[in-house]
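Novice: What follows is the file final13.cif, containing mmCIF, N, CA and C atoms:
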data_work
loop_
_atom_site.group_PDB
_atom_site.id
_atom_site.type_symbol
_atom_site.label_atom_id
_atom_site.label_comp_id
_atom_site.auth_asym_id
_atom_site.auth_seq_id
_atom_site.Cartn_x
_atom_site.Cartn_y
_atom_site.Cartn_z
ATOM 1 N N MET A 14 -20.800 -3.490 26.300
ATOM 2 C CA MET A 14 -20.223 -4.384 25.327
ATOM 3 C C MET A 14 -19.191 -3.618 24.478
ATOM 4 N N THR A 15 -18.039 -4.209 24.258
ATOM 5 C CA THR A 15 -16.993 -3.584 23.476
ATOM 6 C C THR A 15 -17.342 -3.630 21.994
ATOM 7 N N GLU A 16 -17.199 -2.499 21.334
ATOM 8 C CA GLU A 16 -17.393 -2.482 19.884
ATOM 9 C C GLU A 16 -16.237 -3.229 19.245
ATOM 10 N N ARG A 17 -16.541 -4.140 18.349
ATOM 11 C CA ARG A 17 -15.509 -4.934 17.677
ATOM 12 C C ARG A 17 -15.036 -4.293 16.381
ATOM 13 N N VAL A 18 -15.888 -3.458 15.784
ATOM 14 C CA VAL A 18 -15.504 -2.790 14.551
ATOM 15 C C VAL A 18 -16.069 -1.374 14.581
ATOM 16 N N VAL A 19 -15.222 -0.416 14.241
ATOM 17 C CA VAL A 19 -15.602 0.994 14.175
ATOM 18 C C VAL A 19 -15.079 1.548 12.852
ATOM 19 N N ALA A 20 -15.485 2.747 12.501
ATOM 20 C CA ALA A 20 -15.065 3.334 11.232
ATOM 21 C C ALA A 20 -14.639 4.778 11.418
ATOM 22 N N THR A 21 -13.681 5.192 10.611
ATOM 23 C CA THR A 21 -13.255 6.588 10.575
ATOM 24 C C THR A 21 -14.267 7.387 9.748
ATOM 25 N N ASP A 22 -14.200 8.695 9.851
ATOM 26 C CA ASP A 22 -15.080 9.547 9.044
ATOM 27 C C ASP A 22 -14.877 9.301 7.550
ATOM 28 N N GLU A 23 -13.629 9.084 7.152
ATOM 29 C CA GLU A 23 -13.315 8.813 5.743
ATOM 30 C C GLU A 23 -14.011 7.528 5.270
ATOM 31 N N ALA A 24 -13.975 6.491 6.098
ATOM 32 C CA ALA A 24 -14.647 5.228 5.744
ATOM 33 C C ALA A 24 -16.160 5.414 5.705
ATOM 34 N N LEU A 25 -16.704 6.169 6.659
ATOM 35 C CA LEU A 25 -18.154 6.402 6.668
ATOM 36 C C LEU A 25 -18.608 7.145 5.418
ATOM 37 N N SER A 26 -17.795 8.073 4.937
ATOM 38 C CA SER A 26 -18.127 8.783 3.695
ATOM 39 C C SER A 26 -18.132 7.831 2.503
ATOM 40 N N LEU A 27 -17.164 6.925 2.445
ATOM 41 C CA LEU A 27 -17.107 5.954 1.356
ATOM 42 C C LEU A 27 -18.274 4.973 1.443
ATOM 43 N N ILE A 28 -18.647 4.582 2.644
ATOM 44 C CA ILE A 28 -19.816 3.710 2.828
ATOM 45 C C ILE A 28 -21.063 4.389 2.261
ATOM 46 N N GLU A 29 -21.268 5.646 2.583
ATOM 47 C CA GLU A 29 -22.443 6.367 2.083
ATOM 48 C C GLU A 29 -22.438 6.468 0.557
ATOM 49 N N LEU A 30 -21.286 6.746 -0.025
ATOM 50 C CA LEU A 30 -21.168 6.814 -1.478
ATOM 51 C C LEU A 30 -21.572 5.476 -2.115
ATOM 52 N N ILE A 31 -21.056 4.391 -1.574
ATOM 53 C CA ILE A 31 -21.352 3.067 -2.133
ATOM 54 C C ILE A 31 -22.817 2.697 -1.916
ATOM 55 N N LYS A 32 -23.366 3.010 -0.755
ATOM 56 C CA LYS A 32 -24.792 2.727 -0.509
ATOM 57 C C LYS A 32 -25.681 3.516 -1.460
ATOM 58 N N ASN A 33 -25.320 4.748 -1.742
ATOM 59 C CA ASN A 33 -26.108 5.563 -2.677
ATOM 60 C C ASN A 33 -26.073 4.990 -4.087
ATOM 61 N N ARG A 34 -24.975 4.367 -4.457
ATOM 62 C CA ARG A 34 -24.839 3.789 -5.803
ATOM 63 C C ARG A 34 -25.409 2.382 -5.911
ATOM 64 N N HIS A 35 -25.336 1.601 -4.816
ATOM 65 C CA HIS A 35 -25.654 0.174 -4.902
ATOM 66 C C HIS A 35 -26.784 -0.287 -3.990
ATOM 67 N N GLY A 36 -27.290 0.559 -3.120
ATOM 68 C CA GLY A 36 -28.330 0.146 -2.187
ATOM 69 C C GLY A 36 -27.732 -0.514 -0.953
ATOM 70 N N SER A 37 -28.468 -1.436 -0.354
ATOM 71 C CA SER A 37 -28.026 -2.108 0.875
ATOM 72 C C SER A 37 -26.748 -2.902 0.633
ATOM 73 N N ILE A 38 -25.804 -2.737 1.553
ATOM 74 C CA ILE A 38 -24.519 -3.436 1.452
ATOM 75 C C ILE A 38 -24.198 -4.117 2.767
ATOM 76 N N LEU A 39 -23.165 -4.959 2.741
ATOM 77 C CA LEU A 39 -22.626 -5.552 3.956
ATOM 78 C C LEU A 39 -21.127 -5.706 3.782
ATOM 79 N N PHE A 40 -20.441 -5.864 4.904
ATOM 80 C CA PHE A 40 -19.009 -6.122 4.892
ATOM 81 C C PHE A 40 -18.761 -7.544 5.352
ATOM 82 N N TYR A 41 -17.747 -8.145 4.747
ATOM 83 C CA TYR A 41 -17.311 -9.474 5.168
ATOM 84 C C TYR A 41 -15.785 -9.460 5.191
ATOM 85 N N GLN A 42 -15.238 -9.898 6.307
ATOM 86 C CA GLN A 42 -13.783 -9.921 6.424
ATOM 87 C C GLN A 42 -13.219 -11.101 5.666
ATOM 88 N N SER A 43 -12.393 -10.795 4.687
ATOM 89 C CA SER A 43 -11.757 -11.829 3.882
ATOM 90 C C SER A 43 -10.862 -12.700 4.758
ATOM 91 N N GLY A 44 -10.732 -13.943 4.368
ATOM 92 C CA GLY A 44 -9.949 -14.906 5.137
ATOM 93 C C GLY A 44 -8.457 -14.841 4.915
ATOM 94 N N GLY A 45 -7.969 -13.892 4.156
ATOM 95 C CA GLY A 45 -6.538 -13.739 3.995
ATOM 96 C C GLY A 45 -5.968 -14.433 2.783
ATOM 97 N N CYS A 46 -6.791 -14.877 1.865
ATOM 98 C CA CYS A 46 -6.301 -15.572 0.672
ATOM 99 C C CYS A 46 -5.862 -14.561 -0.381
ATOM 100 N N CYS A 47 -6.630 -14.420 -1.400
ATOM 101 C CA CYS A 47 -6.243 -13.629 -2.577
ATOM 102 C C CYS A 47 -6.075 -12.141 -2.285
ATOM 103 N N ASP A 48 -6.946 -11.565 -1.498
ATOM 104 C CA ASP A 48 -6.860 -10.136 -1.226
ATOM 105 C C ASP A 48 -6.320 -9.840 0.163
ATOM 106 N N GLY A 49 -5.708 -10.820 0.801
ATOM 107 C CA GLY A 49 -5.121 -10.602 2.111
ATOM 108 C C GLY A 49 -6.174 -10.277 3.157
ATOM 109 N N PHE A 50 -5.782 -9.543 4.151
ATOM 110 C CA PHE A 50 -6.680 -9.166 5.241
ATOM 111 C C PHE A 50 -7.432 -7.915 4.821
ATOM 112 N N ALA A 51 -8.347 -8.082 3.873
ATOM 113 C CA ALA A 51 -9.058 -6.937 3.303
ATOM 114 C C ALA A 51 -10.533 -6.989 3.672
ATOM 115 N N PRO A 52 -11.089 -5.858 4.109
ATOM 116 C CA PRO A 52 -12.537 -5.810 4.320
ATOM 117 C C PRO A 52 -13.231 -5.787 2.963
ATOM 118 N N MET A 53 -14.104 -6.738 2.726
ATOM 119 C CA MET A 53 -14.794 -6.851 1.440
ATOM 120 C C MET A 53 -16.203 -6.285 1.576
ATOM 121 N N CYS A 54 -16.613 -5.505 0.599
ATOM 122 C CA CYS A 54 -17.916 -4.847 0.593
ATOM 123 C C CYS A 54 -18.751 -5.418 -0.550
ATOM 124 N N TYR A 55 -19.953 -5.924 -0.217
ATOM 125 C CA TYR A 55 -20.829 -6.553 -1.204
ATOM 126 C C TYR A 55 -22.229 -5.960 -1.124
ATOM 127 N N ARG A 56 -22.982 -6.056 -2.216
ATOM 128 C CA ARG A 56 -24.418 -5.782 -2.141
ATOM 129 C C ARG A 56 -24.994 -6.818 -1.191
ATOM 130 N N ALA A 57 -25.926 -6.405 -0.360
ATOM 131 C CA ALA A 57 -26.485 -7.311 0.642
ATOM 132 C C ALA A 57 -27.073 -8.565 0.004
ATOM 133 N N ASP A 58 -27.678 -8.438 -1.163
ATOM 134 C CA ASP A 58 -28.294 -9.596 -1.824
ATOM 135 C C ASP A 58 -27.292 -10.468 -2.574
ATOM 136 N N ASP A 59 -26.055 -10.019 -2.707
ATOM 137 C CA ASP A 59 -25.053 -10.758 -3.473
ATOM 138 C C ASP A 59 -24.162 -11.645 -2.619
ATOM 139 N N PHE A 60 -24.341 -11.632 -1.313
ATOM 140 C CA PHE A 60 -23.485 -12.420 -0.431
ATOM 141 C C PHE A 60 -24.344 -13.145 0.587
ATOM 142 N N LYS A 61 -24.175 -14.435 0.696
ATOM 143 C CA LYS A 61 -24.948 -15.227 1.656
ATOM 144 C C LYS A 61 -24.126 -15.421 2.922
ATOM 145 N N VAL A 62 -24.631 -14.878 4.013
ATOM 146 C CA VAL A 62 -24.004 -15.057 5.318
ATOM 147 C C VAL A 62 -24.402 -16.442 5.821
ATOM 148 N N GLY A 63 -23.428 -17.187 6.334
ATOM 149 C CA GLY A 63 -23.682 -18.552 6.802
ATOM 150 C C GLY A 63 -23.732 -18.662 8.314
ATOM 151 N N GLY A 64 -24.057 -19.840 8.785
ATOM 152 C CA GLY A 64 -24.150 -20.109 10.215
ATOM 153 C C GLY A 64 -22.825 -20.016 10.939
ATOM 154 N N ALA A 65 -21.715 -20.088 10.217
ATOM 155 C CA ALA A 65 -20.392 -19.994 10.832
ATOM 156 C C ALA A 65 -19.844 -18.570 10.810
ATOM 157 N N ASP A 66 -20.677 -17.612 10.390
ATOM 158 C CA ASP A 66 -20.247 -16.223 10.337
ATOM 159 C C ASP A 66 -20.713 -15.468 11.580
ATOM 160 N N VAL A 67 -19.855 -14.602 12.079
ATOM 161 C CA VAL A 67 -20.122 -13.824 13.287
ATOM 162 C C VAL A 67 -20.395 -12.375 12.882
ATOM 163 N N ASN A 68 -21.474 -11.802 13.400
ATOM 164 C CA ASN A 68 -21.773 -10.390 13.173
ATOM 165 C C ASN A 68 -21.009 -9.586 14.217
ATOM 166 N N LEU A 69 -20.045 -8.780 13.744
ATOM 167 C CA LEU A 69 -19.236 -7.974 14.662
ATOM 168 C C LEU A 69 -19.905 -6.683 15.059
ATOM 169 N N GLY A 70 -20.958 -6.314 14.347
ATOM 170 C CA GLY A 70 -21.648 -5.065 14.629
ATOM 171 C C GLY A 70 -22.021 -4.382 13.338
ATOM 172 N N SER A 71 -22.283 -3.090 13.444
ATOM 173 C CA SER A 71 -22.721 -2.307 12.296
ATOM 174 C C SER A 71 -21.927 -1.011 12.256
ATOM 175 N N ILE A 72 -21.521 -0.618 11.054
ATOM 176 C CA ILE A 72 -20.839 0.656 10.868
ATOM 177 C C ILE A 72 -21.537 1.402 9.746
ATOM 178 N N GLY A 73 -21.907 2.618 10.015
ATOM 179 C CA GLY A 73 -22.636 3.394 9.017
ATOM 180 C C GLY A 73 -23.924 2.721 8.599
ATOM 181 N N GLY A 74 -24.576 2.019 9.523
ATOM 182 C CA GLY A 74 -25.807 1.308 9.212
ATOM 183 C C GLY A 74 -25.589 0.069 8.359
ATOM 184 N N THR A 75 -24.357 -0.410 8.298
ATOM 185 C CA THR A 75 -23.993 -1.544 7.462
ATOM 186 C C THR A 75 -23.447 -2.670 8.334
ATOM 187 N N PRO A 76 -24.040 -3.870 8.260
ATOM 188 C CA PRO A 76 -23.538 -4.982 9.086
ATOM 189 C C PRO A 76 -22.155 -5.439 8.643
ATOM 190 N N PHE A 77 -21.399 -5.924 9.612
ATOM 191 C CA PHE A 77 -20.036 -6.390 9.359
ATOM 192 C C PHE A 77 -19.891 -7.802 9.905
ATOM 193 N N TYR A 78 -19.507 -8.750 9.026
ATOM 194 C CA TYR A 78 -19.393 -10.160 9.383
ATOM 195 C C TYR A 78 -17.969 -10.659 9.192
ATOM 196 N N MET A 79 -17.677 -11.736 9.932
ATOM 197 C CA MET A 79 -16.383 -12.405 9.832
ATOM 198 C C MET A 79 -16.627 -13.887 10.107
ATOM 199 N N HIS A 80 -15.920 -14.766 9.401
ATOM 200 C CA HIS A 80 -16.047 -16.196 9.653
ATOM 201 C C HIS A 80 -15.563 -16.496 11.071
ATOM 202 N N ARG A 81 -16.201 -17.467 11.711
ATOM 203 C CA ARG A 81 -15.893 -17.818 13.099
ATOM 204 C C ARG A 81 -14.404 -18.107 13.306
ATOM 205 N N SER A 82 -13.749 -18.775 12.363
ATOM 206 C CA SER A 82 -12.321 -19.086 12.524
ATOM 207 C C SER A 82 -11.474 -17.811 12.561
ATOM 208 N N GLN A 83 -11.826 -16.829 11.740
ATOM 209 C CA GLN A 83 -11.133 -15.543 11.774
ATOM 210 C C GLN A 83 -11.440 -14.807 13.077
ATOM 211 N N TYR A 84 -12.697 -14.871 13.497
ATOM 212 C CA TYR A 84 -13.109 -14.203 14.721
ATOM 213 C C TYR A 84 -12.315 -14.727 15.918
ATOM 214 N N GLU A 85 -12.112 -16.031 15.983
ATOM 215 C CA GLU A 85 -11.358 -16.598 17.108
ATOM 216 C C GLU A 85 -9.955 -15.995 17.188
ATOM 217 N N TYR A 86 -9.375 -15.726 16.052
ATOM 218 C CA TYR A 86 -8.038 -15.137 16.007
ATOM 219 C C TYR A 86 -8.062 -13.652 16.394
ATOM 220 N N TRP A 87 -9.089 -12.927 15.955
ATOM 221 C CA TRP A 87 -9.147 -11.473 16.115
ATOM 222 C C TRP A 87 -10.058 -11.005 17.254
ATOM 223 N N LYS A 88 -10.629 -11.895 18.044
ATOM 224 C CA LYS A 88 -11.669 -11.498 18.999
ATOM 225 C C LYS A 88 -11.187 -10.557 20.101
ATOM 226 N N GLN A 89 -9.910 -10.475 20.346
ATOM 227 C CA GLN A 89 -9.391 -9.555 21.362
ATOM 228 C C GLN A 89 -8.972 -8.215 20.749
ATOM 229 N N THR A 90 -9.394 -7.985 19.519
ATOM 230 C CA THR A 90 -8.964 -6.812 18.769
ATOM 231 C C THR A 90 -10.153 -5.979 18.330
ATOM 232 N N LYS A 91 -9.989 -4.665 18.351
ATOM 233 C CA LYS A 91 -10.972 -3.762 17.759
ATOM 234 C C LYS A 91 -10.470 -3.416 16.369
ATOM 235 N N LEU A 92 -11.289 -3.710 15.357
ATOM 236 C CA LEU A 92 -10.933 -3.398 13.976
ATOM 237 C C LEU A 92 -11.426 -1.993 13.638
ATOM 238 N N ILE A 93 -10.578 -1.213 13.029
ATOM 239 C CA ILE A 93 -10.901 0.161 12.671
ATOM 240 C C ILE A 93 -10.920 0.254 11.149
ATOM 241 N N LEU A 94 -12.111 0.397 10.581
ATOM 242 C CA LEU A 94 -12.259 0.501 9.144
ATOM 243 C C LEU A 94 -11.911 1.916 8.715
ATOM 244 N N ASP A 95 -11.047 2.027 7.723
ATOM 245 C CA ASP A 95 -10.625 3.322 7.201
ATOM 246 C C ASP A 95 -10.702 3.257 5.682
ATOM 247 N N ALA A 96 -10.455 4.359 5.020
ATOM 248 C CA ALA A 96 -10.426 4.416 3.558
ATOM 249 C C ALA A 96 -9.110 5.045 3.128
ATOM 250 N N SER A 97 -8.582 4.544 2.019
ATOM 251 C CA SER A 97 -7.320 5.032 1.496
ATOM 252 C C SER A 97 -7.456 5.222 -0.013
ATOM 253 N N ASP A 98 -6.609 6.043 -0.582
ATOM 254 C CA ASP A 98 -6.635 6.269 -2.028
ATOM 255 C C ASP A 98 -6.250 5.004 -2.787
ATOM 256 N N GLY A 99 -6.837 4.846 -3.968
ATOM 257 C CA GLY A 99 -6.496 3.728 -4.836
ATOM 258 C C GLY A 99 -7.606 2.703 -4.937
ATOM 259 N N GLN A 100 -7.390 1.739 -5.817
ATOM 260 C CA GLN A 100 -8.380 0.708 -6.097
ATOM 261 C C GLN A 100 -8.398 -0.347 -5.000
ATOM 262 N N GLY A 101 -9.611 -0.864 -4.709
ATOM 263 C CA GLY A 101 -9.777 -1.898 -3.707
ATOM 264 C C GLY A 101 -9.686 -3.294 -4.293
ATOM 265 N N PRO A 102 -9.919 -4.320 -3.453
ATOM 266 C CA PRO A 102 -9.890 -5.702 -3.914
ATOM 267 C C PRO A 102 -10.882 -5.924 -5.060
ATOM 268 N N GLU A 103 -10.529 -6.783 -5.978
ATOM 269 C CA GLU A 103 -11.255 -6.977 -7.223
ATOM 270 C C GLU A 103 -12.744 -7.254 -7.058
ATOM 271 N N PHE A 104 -13.140 -8.057 -6.088
ATOM 272 C CA PHE A 104 -14.545 -8.443 -5.957
ATOM 273 C C PHE A 104 -15.334 -7.581 -4.979
ATOM 274 N N SER A 105 -14.712 -6.568 -4.426
ATOM 275 C CA SER A 105 -15.355 -5.686 -3.475
ATOM 276 C C SER A 105 -15.916 -4.461 -4.198
ATOM 277 N N LEU A 106 -17.054 -3.938 -3.732
ATOM 278 C CA LEU A 106 -17.688 -2.803 -4.396
ATOM 279 C C LEU A 106 -16.799 -1.562 -4.448
ATOM 280 N N ASP A 107 -15.853 -1.456 -3.538
ATOM 281 C CA ASP A 107 -14.961 -0.294 -3.562
ATOM 282 C C ASP A 107 -13.887 -0.407 -4.649
ATOM 283 N N SER A 108 -13.860 -1.514 -5.390
ATOM 284 C CA SER A 108 -12.831 -1.708 -6.411
ATOM 285 C C SER A 108 -12.946 -0.719 -7.567
ATOM 286 N N VAL A 109 -14.100 -0.101 -7.749
ATOM 287 C CA VAL A 109 -14.287 0.840 -8.858
ATOM 288 C C VAL A 109 -14.280 2.299 -8.389
ATOM 289 N N GLU A 110 -13.982 2.511 -7.151
ATOM 290 C CA GLU A 110 -13.940 3.866 -6.597
ATOM 291 C C GLU A 110 -12.492 4.371 -6.562
ATOM 292 N N GLU A 111 -12.321 5.633 -6.301
ATOM 293 C CA GLU A 111 -10.976 6.203 -6.191
ATOM 294 C C GLU A 111 -10.385 5.978 -4.806
ATOM 295 N N LYS A 112 -11.164 5.362 -3.928
ATOM 296 C CA LYS A 112 -10.716 5.014 -2.578
ATOM 297 C C LYS A 112 -11.106 3.574 -2.306
ATOM 298 N N HIS A 113 -10.464 2.960 -1.325
ATOM 299 C CA HIS A 113 -10.821 1.597 -0.947
ATOM 300 C C HIS A 113 -10.712 1.462 0.572
ATOM 301 N N PHE A 114 -11.364 0.425 1.104
ATOM 302 C CA PHE A 114 -11.382 0.182 2.530
ATOM 303 C C PHE A 114 -10.122 -0.549 2.967
ATOM 304 N N ILE A 115 -9.601 -0.159 4.133
ATOM 305 C CA ILE A 115 -8.450 -0.804 4.759
ATOM 306 C C ILE A 115 -8.754 -0.943 6.242
ATOM 307 N N PHE A 116 -7.929 -1.722 6.945
ATOM 308 C CA PHE A 116 -8.067 -1.896 8.378
ATOM 309 C C PHE A 116 -6.849 -1.392 9.134
ATOM 310 N N ALA A 117 -7.129 -0.859 10.287
ATOM 311 C CA ALA A 117 -6.137 -0.687 11.345
ATOM 312 C C ALA A 117 -6.744 -1.462 12.514
ATOM 313 N N TYR A 118 -6.028 -1.672 13.552
ATOM 314 C CA TYR A 118 -6.589 -2.394 14.688
ATOM 315 C C TYR A 118 -5.920 -1.951 15.980
ATOM 316 N N SER A 119 -6.634 -2.217 17.070
ATOM 317 C CA SER A 119 -6.121 -1.915 18.404
ATOM 318 C C SER A 119 -6.670 -2.967 19.355
ATOM 319 N N PRO A 120 -6.070 -3.131 20.522
ATOM 320 C CA PRO A 120 -6.620 -4.073 21.491
ATOM 321 C C PRO A 120 -8.056 -3.673 21.844
ATOM 322 N N ALA A 121 -8.918 -4.664 22.034
ATOM 323 C CA ALA A 121 -10.327 -4.386 22.368
ATOM 324 C C ALA A 121 -10.445 -3.895 23.793
#
What does this structure look like when you write it as structure tokens?
Specialist:
Amino acid sequence: MTERVVATDEALSLIELIKNRHGSILFYQSGGCCDGFAPMCYRADDFKVGGADVNLGSIGGTPFYMHRSQYEYWKQTKLILDASDGQGPEFSLDSVEEKHFIFAYSPA
């Protein structure tokens, strides 16, 4: 089975930092509205995954979800989670860190 989402070492380090501060987390791919195509990071208990959400896999022991409509658009793509300097999207846990999550992508 093709991995749909993978992470760089830099992203895995940021995931561990956030998990140590906040406990269990999950990722949800934003639909492209206010924060654009941004991977959003939430406390696991603060975000309700719905029946229309697709689990793309796990990175750093953290599940990654995307709404079915987004998945249909991106299903032929491997998403590569990375971390970059600066503040993240306002509602994402990485917004208070000195780094934030970003995506690169390649054909699946």
Novice: Running the PyMOL selection byres ((chain A and resi 49-65) around 8) on this model by hand, what would come out? Give it as an MDAnalysis selection string.
Specialist: chainID A and resid 35:48 66:68 78:82 94 102 104:108 114:116
Novice: Under the rule that only C-alpha atoms are counted, which of A:Glu85, A:Asp95, A:Ser119, A:Lys112 is the nearest residue to Leu25 (chain A)?
Specialist: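 Nearest to Leu25 (chain A): A:Asp95.
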Novice: Report the distance between CA of Arg17 (chain A) and CA of Ala117 (chain A) in Å, rounded to one decimal place.
Specialist: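 Separating CA of Arg17 (chain A) from CA of Ala117 (chain A) is a distance of 12.1 Å.
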Novice: For each of A:Gly73, A:Tyr118, A:Arg34, A:Val109, take the minimum atom-to-atom distance to Lys88 (chain A), counting only C-alpha atoms, then give the residue where this is smallest.
Specialist: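 Going through A:Gly73, A:Tyr118, A:Arg34, A:Val109 one by one, the smallest distance to Lys88 (chain A) is for A:Tyr118.
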Novice: Report, in Å to a single decimal, how far apart atom C of Ala96 (chain A) and atom C of Glu111 (chain A) are.
Specialist: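 For atom C of Glu111 (chain A) relative to atom C of Ala96 (chain A), the distance reads 8.1 Å.
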